[in-house]
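A.B. asks: The structure that follows is given in the form of structure tokens.
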Amino acid sequence: MSVQVAKAGASETSIHAVIHRADGSTEVLGIVAYWHKNPLKRLAFRLKKLLGG
Amino acid sequence: MTNYVTNAGLANITAALVAAAAVKYLGWGTGASGTQASNALTSASPVGTSGPTVASTRISGTPSQVTTTNTNDTLQIVGTVYNASGGALAITEVGVFDAAGTGGTSSAAPSGGNMDIYGTFSTINLSNGDSITFTIQAQFTG
């Protein structure tokens, strides 16, 4: 009997946030947290955030 | 030998998660060192609903399937968490849990269940009555 293990799982997660102030104003923060299984993509996201993207 | 989960299989994975309606409860906190093994926020904070009203359980988000690369390959949870603590909060972490938990008060976070998705971010300062709508996505690939 053979056992096959397929590679499957979350490859990317992101968290987007919007603040709603009690005074009724709204602040869209965009993606505040990001993870990708590819470290180069994680680095690219960090660089983009550092550059204000 | 080639092994993979097909695109249809990925859609079925997210469909099952949405149908189960378990991975949808939002909690937040003021820490930043949650780990895969701990399954918990570093420093969980009280949560609230519109009002703001203190919630004894975590906030129930809305899970759905969305498409990132292949049709319905991504699980999305959307939920709004209010600061009903009566004071300021400096939020730096959020987690999606598989249970609503119990025991939440204006000074204590609900507890119980396992955290399934976790993220940290730069401090978001909230006054009492402020809220954050989180949109959390996890893409699955084969």
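Ligands are numbered from 1 in the order shown, residues from 1 within each chain, and chains are lettered A, B, ... in the order they appear in the structure tokens.
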Chain B near chain A within 8 Å: what's each residue's closest atom pair and its distance in Å to one decimal, counting only C-alpha atoms, ordered by chain then ascending residue number, as JSON lines?

C.D. replies:
```
{"residue": "B:Asn3", "atom": "CA", "partner": "A:Ala6", "partner_atom": "CA", "distance": 5.1}
{"residue": "B:Tyr4", "atom": "CA", "partner": "A:Ala6", "partner_atom": "CA", "distance": 5.2}
{"residue": "B:Val5", "atom": "CA", "partner": "A:Ala8", "partner_atom": "CA", "distance": 6.6}
{"residue": "B:Gly119", "atom": "CA", "partner": "A:Ala33", "partner_atom": "CA", "distance": 6.0}
{"residue": "B:Thr120", "atom": "CA", "partner": "A:Ala33", "partner_atom": "CA", "distance": 6.2}
{"residue": "B:Phe121", "atom": "CA", "partner": "A:Ala33", "partner_atom": "CA", "distance": 5.6}
{"residue": "B:Ser122", "atom": "CA", "partner": "A:Val32", "partner_atom": "CA", "distance": 7.4}
{"residue": "B:Leu126", "atom": "CA", "partner": "A:Arg21", "partner_atom": "CA", "distance": 7.9}
{"residue": "B:Ser127", "atom": "CA", "partner": "A:Ala22", "partner_atom": "CA", "distance": 7.8}
{"residue": "B:Asn128", "atom": "CA", "partner": "A:Ala22", "partner_atom": "CA", "distance": 7.6}
{"residue": "B:Gly129", "atom": "CA", "partner": "A:Ala22", "partner_atom": "CA", "distance": 5.0}
{"residue": "B:Asp130", "atom": "CA", "partner": "A:Arg21", "partner_atom": "CA", "distance": 4.5}
{"residue": "B:Ser131", "atom": "CA", "partner": "A:His20", "partner_atom": "CA", "distance": 5.1}
{"residue": "B:Ile132", "atom": "CA", "partner": "A:Ile19", "partner_atom": "CA", "distance": 4.5}
{"residue": "B:Thr133", "atom": "CA", "partner": "A:Val18", "partner_atom": "CA", "distance": 5.1}
{"residue": "B:Phe134", "atom": "CA", "partner": "A:Ala17", "partner_atom": "CA", "distance": 4.7}
{"residue": "B:Thr135", "atom": "CA", "partner": "A:His16", "partner_atom": "CA", "distance": 4.9}
{"residue": "B:Ile136", "atom": "CA", "partner": "A:Ile15", "partner_atom": "CA", "distance": 4.5}
{"residue": "B:Gln137", "atom": "CA", "partner": "A:Ser14", "partner_atom": "CA", "distance": 5.3}
{"residue": "B:Ala138", "atom": "CA", "partner": "A:Thr13", "partner_atom": "CA", "distance": 4.3}
{"residue": "B:Gln139", "atom": "CA", "partner": "A:Glu12", "partner_atom": "CA", "distance": 5.2}
{"residue": "B:Phe140", "atom": "CA", "partner": "A:Ala10", "partner_atom": "CA", "distance": 4.3}
{"residue": "B:Thr141", "atom": "CA", "partner": "A:Ala8", "partner_atom": "CA", "distance": 5.8}
{"residue": "B:Gly142", "atom": "CA", "partner": "A:Ala8", "partner_atom": "CA", "distance": 4.6}
```

A.B. asks: Give the strand (DSSP E or B) residues of chain A, as assigned by DSSP on the backbone, as a ChimeraX atom specification.

C.D. replies: /A:9-20,26-36

A.B. asks: Expressed in Å to a single decimal, how great is the separation between atom CA of Arg58 of chain B and atom CA of Ala19 of chain B?

C.D. replies: 19.2 Å

A.B. asks: Please report, as a list in words, each residue of chain A to which DSSP assigns helix (DSSP H, G or I) when run on this structure's backbone.

C.D. replies: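 Matching residues, listed in order: Pro39, Leu40, Lys41, Arg42, Leu43, Ala44, Phe45, Arg46, Leu47, Lys48, Lys49 and Leu50 of chain A.
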
A.B. asks: Residues as selected, N, CA, C and O atoms, written as a tab-separated table (two decimals), in the first residue's frame, can you do that?

C.D. replies:
```tsv
chain	number	residue	atom	x	y	z
A	39	PRO	N	8.97	33.55	0.55
A	39	PRO	CA	9.57	34.64	1.31
A	39	PRO	C	9.85	35.88	0.45
A	39	PRO	O	9.87	37.00	0.97
A	40	LEU	N	10.06	35.68	-0.83
A	40	LEU	CA	10.30	36.84	-1.70
A	40	LEU	C	9.05	37.71	-1.81
A	40	LEU	O	9.12	38.94	-1.86
A	41	LYS	N	7.89	37.06	-1.83
A	41	LYS	CA	6.65	37.83	-1.88
A	41	LYS	C	6.40	38.56	-0.56
A	41	LYS	O	5.88	39.67	-0.54
A	42	ARG	N	6.79	37.91	0.55
A	42	ARG	CA	6.67	38.59	1.85
A	42	ARG	C	7.58	39.81	1.89
A	42	ARG	O	7.20	40.88	2.36
A	43	LEU	N	8.79	39.66	1.38
A	43	LEU	CA	9.73	40.77	1.35
A	43	LEU	C	9.20	41.89	0.46
A	43	LEU	O	9.29	43.07	0.81
A	44	ALA	N	8.62	41.51	-0.67
A	44	ALA	CA	8.08	42.52	-1.59
A	44	ALA	C	6.97	43.31	-0.92
A	44	ALA	O	6.88	44.54	-1.07
A	45	PHE	N	6.13	42.63	-0.13
A	45	PHE	CA	5.06	43.33	0.57
A	45	PHE	C	5.63	44.32	1.57
A	45	PHE	O	5.18	45.47	1.67
A	46	ARG	N	6.64	43.87	2.33
A	46	ARG	CA	7.24	44.76	3.33
A	46	ARG	C	7.87	45.98	2.69
A	46	ARG	O	7.76	47.10	3.19
A	47	LEU	N	8.56	45.76	1.59
A	47	LEU	CA	9.18	46.89	0.89
A	47	LEU	C	8.12	47.86	0.40
A	47	LEU	O	8.27	49.08	0.49
A	48	LYS	N	7.03	47.30	-0.12
A	48	LYS	CA	5.95	48.14	-0.62
A	48	LYS	C	5.36	48.98	0.51
A	48	LYS	O	5.09	50.18	0.34
A	49	LYS	N	5.19	48.39	1.69
A	49	LYS	CA	4.64	49.13	2.83
A	49	LYS	C	5.63	50.22	3.28
A	49	LYS	O	5.23	51.33	3.62
A	50	LEU	N	6.94	49.87	3.27
A	50	LEU	CA	7.94	50.85	3.68
A	50	LEU	C	7.97	52.04	2.74
A	50	LEU	O	8.23	53.18	3.15
```

A.B. asks: Provide the atom CA of Asn38 of chain A to atom CA of Ile77 of chain B distance in Å, to one decimal place.

C.D. replies: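 Separation between atom CA of Asn38 of chain A and atom CA of Ile77 of chain B: 22.8 Å.
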